[in-house]
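K.L.:
Mind having a look at this structure? Questions to follow.
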Amino acid sequence: MHSTIALALGALGCIASPLVQAAAAAEFPNRLVRIILPQPAGGGTDVVARAIAAKLTDAWGQQVIVDNRPGANGIIGVEQFSKSKPDGYTVLYGFTSLLTINGSVYKSLPYDTLRDFTGITQTVTNTMALVVNPHLPARSVKELVALGRSRPGDLLYGSFGVGNQTHLTAELFRLESKLKMLHVPYKGETPAITELVGGQVAMMFSPSAGVTPHVKTGRLRLLATCGKQRAAAFPDTPTMVESGFPRMISIGWGGFVAPQGTPADIVRKTQQEIARALAAPEVRDRLAALGAEPNGTTPEEFNALLKSETEKWATVVKGAGLYHSQ
């Protein structure tokens, strides 16, 4: 008798679970939603996250805030996020280095992207850009290489942190150009770009979203972009491939993930609202001004990207001799 009741209750639970999830999704969100961003405020990534957060706030009638948690190449913010409840009320805005590179660079991360997180949607594609301080006497990649060879060891290049995509792209350039350059890692996007503008470092490979405003005002000089084709925002600027470096293709992206176990209906609802935000003309115009291209995807497509990018960058990290170096 007891076993029959237990079986009946178990069956009822199986039926109720989807109903409970559907009910949770129907009333989601009914309170504040937090977007953890493991980058300082003020950078291109922050601008993208805040533009989307504002649209979500309007659509849902609930406050959606961006919580900047920089430090340790993004690990501090992601670790905090990894402890969040899988209920949709805390999501992470991540990017290439954070979600698919760090796992190869650091030995014992307190989280695993593919195991602990589930993709919501990719939001943007950012072509990596080679920019220099305008006081540097180089107006092309060819001139930069000539300058570097005439002054070996004098070129300082900045990055957003050790093992970050900005670092690995510069390392690939160093290997391809055979230049002797010195690496200066910073704690995130904003301080790295600020120091480049100030002349503390000479050059940097950065996502276009972070440096486009400075290029437009003349505070930085753009030498090349790192896509397969020329960037739509800079049609007159050659690619690194055109500049004589066929292996120099490096494309960044941003996107939202939720804790593993978040109800699929809530993930889908969030993805659909973000897609509407990305389609808004004012958001698209703001992203275009940064050199970022809106690129909304389904959760399934973003999960596939996370897996393929993790595998690709693991190979690059090993080739650069950084595999589990920290």
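Chain identifiers are assigned as A, B, and so on, following the order in which chains appear in the structure tokens; residues are numbered from 1 within each chain, and ligands are numbered from 1 in order of appearance.
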Would you pick out the contacts of Thr123 (chain A) at 7 Å or less, using only C-alpha atoms, so that residues sharing its chain but fewer than 4 positions from it are not included, and give the list as a PyMOL selection string?

P.N.:
chain A and resi 254-255+294-296

K.L.:
Write the selection just made, keeping C-alpha atoms, as a compact mmCIF listing (two decimals), in the first residue's frame?

P.N.:
```
# COMPACT_ATOMS: atom_id res chain seq x y z
CA GLY A 254 29.48 38.70 -25.84
CA GLY A 255 26.51 36.85 -24.45
CA PRO A 294 24.12 42.65 -32.93
CA ASN A 295 24.00 38.87 -33.20
CA GLY A 296 21.19 37.33 -31.17
```

K.L.:
Find the residues around Arg149 (chain A) up to 10 Å (only C-alpha atoms counted), leave out those fewer than 3 positions away in its own chain, and share them as a PyMOL selection string.

P.N.:
chain A and resi 143-146+152-155+177-181

K.L.:
Given the selection you just returned, output its residues as a file containing C-alpha atoms, formatted as a compact mmCIF listing (two decimals), in the first residue's frame.

P.N.:
```txt
# COMPACT_ATOMS: atom_id res chain seq x y z
CA GLU A 143 55.31 50.60 -40.27
CA LEU A 144 54.60 49.16 -36.81
CA VAL A 145 56.60 46.03 -37.60
CA ALA A 146 59.47 48.10 -39.01
CA PRO A 152 63.59 45.45 -30.20
CA GLY A 153 62.07 45.15 -26.75
CA ASP A 154 60.87 48.75 -26.64
CA LEU A 155 57.28 48.13 -27.76
CA SER A 177 55.88 39.06 -36.80
CA LYS A 178 58.87 37.79 -34.79
CA LEU A 179 58.86 41.07 -32.86
CA LYS A 180 60.28 41.40 -29.36
CA MET A 181 57.50 43.08 -27.39
```

K.L.:
Nearest to Val91 (chain A): which of A:Ala41, A:Val215, A:Val267, A:Ala209 is it, counting only C-alpha atoms?

P.N.:
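Between A:Ala41, A:Val215, A:Val267, A:Ala209, the residue approaching Val91 (chain A) most closely is A:Val267.
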
K.L.:
At a cut-off of 8 Å, using only C-alpha atoms, what residues contact Phe81 (chain A)? Leave out same-chain residues fewer than 5 positions from it and give the result as a PyMOL selection string.

P.N.:
chain A and resi 36+90-92+259

K.L.:
So that I can check the surroundings of Val141 (chain A), please list as a list in words every protein, DNA and RNA residue that reaches within 8 Å of it, counting only C-alpha atoms and ignoring chain neighbours fewer than 3 positions away.

P.N.:
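Using only C-alpha atoms, the neighbours found are Ala138, Leu144, Val145, Leu223, Ala224, Met240 and Ser243 of chain A.
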
K.L.:
Enumerate as a PyMOL selection string all residues of region 82-310 of chain A assigned to helix (DSSP H, G or I) by DSSP on the backbone, naming them with the chain letters and numbers the document uses.

P.N.:
chain A and resi 82+96-105+113-116+141-150+165-177+189-198+208-217+264-279+281-290+299-310

K.L.:
Taking only region 140-245 of chain A into account, list the residues labelled strand (DSSP E or B) by DSSP (computed from the backbone), as JSON, numbers by chain.

P.N.:
{"A": [155, 156, 157, 158, 159, 181, 182, 183, 184, 185, 203, 204, 205, 206, 207, 221, 222, 223, 224, 225, 239]}

K.L.:
Output C-alpha atoms for every residue in the selection just made, as a CSV table (one decimal), in the first residue's frame.

P.N.:
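The resulting out.csv:
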```
chain,number,residue,atom,x,y,z
A,155,LEU,CA,57.3,48.1,-27.8
A,156,LEU,CA,54.9,47.7,-24.8
A,157,TYR,CA,51.6,46.2,-25.5
A,158,GLY,CA,48.7,46.2,-23.1
A,159,SER,CA,46.0,43.6,-22.5
A,181,MET,CA,57.5,43.1,-27.4
A,182,LEU,CA,56.8,43.4,-23.7
A,183,HIS,CA,53.4,42.5,-22.2
A,184,VAL,CA,51.7,44.8,-19.6
A,185,PRO,CA,48.5,43.1,-18.3
A,203,MET,CA,49.7,49.3,-28.7
A,204,MET,CA,46.9,46.8,-28.0
A,205,PHE,CA,44.6,44.3,-29.6
A,206,SER,CA,41.1,45.2,-28.3
A,207,PRO,CA,37.5,44.3,-29.1
A,221,ARG,CA,44.9,55.3,-34.1
A,222,LEU,CA,43.4,52.2,-35.7
A,223,LEU,CA,45.9,50.2,-37.9
A,224,ALA,CA,43.9,47.1,-38.7
A,225,THR,CA,41.0,44.8,-37.7
A,239,THR,CA,42.4,43.6,-42.0
```

K.L.:
I need the residue nearest Ala314 (chain A) from this list: A:Asn102, A:Ser84, A:Thr57, A:Gln62. Use only C-alpha atoms for the distance.

P.N.:
A:Asn102

K.L.:
Name all residues at most 9 Å from Trp60 (chain A) (count only C-alpha atoms; drop same-chain ones fewer than 4 positions away) and give them as a list in words.

P.N.:
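With the cut-off at 9 Å, the set is Phe28, Pro29, Asn30, Lys55, Leu56, Val64 and Glu273 of chain A.
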
K.L.:
Mind writing the picked residues with C-alpha atoms as a compact mmCIF listing (two decimals), in the first residue's frame?

P.N.:
```txt
# COMPACT_ATOMS: atom_id res chain seq x y z
CA PHE A 28 8.92 35.72 -14.16
CA PRO A 29 10.22 38.26 -13.33
CA ASN A 30 8.34 39.59 -10.32
CA LYS A 55 15.33 47.57 -22.46
CA LEU A 56 14.60 44.59 -20.18
CA VAL A 64 17.27 45.03 -14.21
CA GLU A 273 13.24 39.59 -24.66
```

K.L.:
Select, from A:Ala72, A:Ala288, A:Met248, A:Ala53, the residue with the minimum atom-to-atom distance to Gly163 (chain A), counting only C-alpha atoms.

P.N.:
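Smallest distance to Gly163 (chain A) is found for A:Ala72.
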
K.L.:
Rank A:Thr298, A:Thr217, A:Thr118, A:Gln63 by their smallest atom-to-atom distance to Pro263 (chain A), using only C-alpha atoms, and report the top residue only.

P.N.:
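Looking only at the distances to Pro263 (chain A), the closest residue turns out to be A:Thr118.
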
K.L.:
Of the candidates A:Phe234, A:Tyr186, A:Phe160, A:Phe117, which shows the shortest atom-to-atom distance to Tyr93 (chain A), using only C-alpha atoms?

P.N.:
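Of the candidates, the smallest distance to Tyr93 (chain A) is held by A:Phe117.
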
K.L.:
Could you check how far CA of Val162 (chain A) sits from CA of Ala202 (chain A), in Å to one decimal?

P.N.:
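CA of Val162 (chain A) sits 17.5 Å away from CA of Ala202 (chain A).
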
K.L.:
Excluding Glu311 (chain A) and its own-chain neighbours fewer than 5 positions away, which residues fall within 12 Å of it when counting only C-alpha atoms? Please give them as a ChimeraX atom specification.

P.N.:
/A:99-104,114,304-306,316-318

K.L.:
Those residues you just picked out, can you put them in a file as a short mmCIF file (atom, residue, chain, number, x, y, z; two decimals), in the first residue's frame with C-alpha atoms?

P.N.:
```cif
data_model
loop_
_atom_site.label_atom_id
_atom_site.label_comp_id
_atom_site.auth_asym_id
_atom_site.auth_seq_id
_atom_site.Cartn_x
_atom_site.Cartn_y
_atom_site.Cartn_z
CA LEU A 99 33.73 31.89 -20.77
CA THR A 100 35.94 29.92 -23.16
CA ILE A 101 39.63 30.80 -22.54
CA ASN A 102 40.12 31.05 -18.78
CA GLY A 103 39.46 27.33 -18.30
CA SER A 104 42.60 26.53 -20.30
CA LEU A 114 30.19 23.93 -19.93
CA ALA A 304 27.17 25.08 -29.33
CA LEU A 305 29.35 28.20 -29.70
CA LEU A 306 30.57 27.93 -26.09
CA VAL A 316 45.70 28.39 -29.05
CA VAL A 317 46.57 28.59 -25.34
CA LYS A 318 48.69 25.44 -25.57
#
```

K.L.:
Kindly give the distance, in Å, that separates CA of Gln39 (chain A) and CA of Ala320 (chain A), rounded to a single decimal.

P.N.:
24.4 Å

K.L.:
Figure out the distance between CA of Cys226 (chain A) and CA of Ala129 (chain A), please, to one decimal in Å.

P.N.:
5.9 Å

K.L.:
Give me the residues within 10 Å of Arg247 (chain A) as a ChimeraX atom specification, counting only C-alpha atoms and dropping any in the same chain fewer than 3 places off.

P.N.:
/A:172-173,176,226,228,240-241,244,250
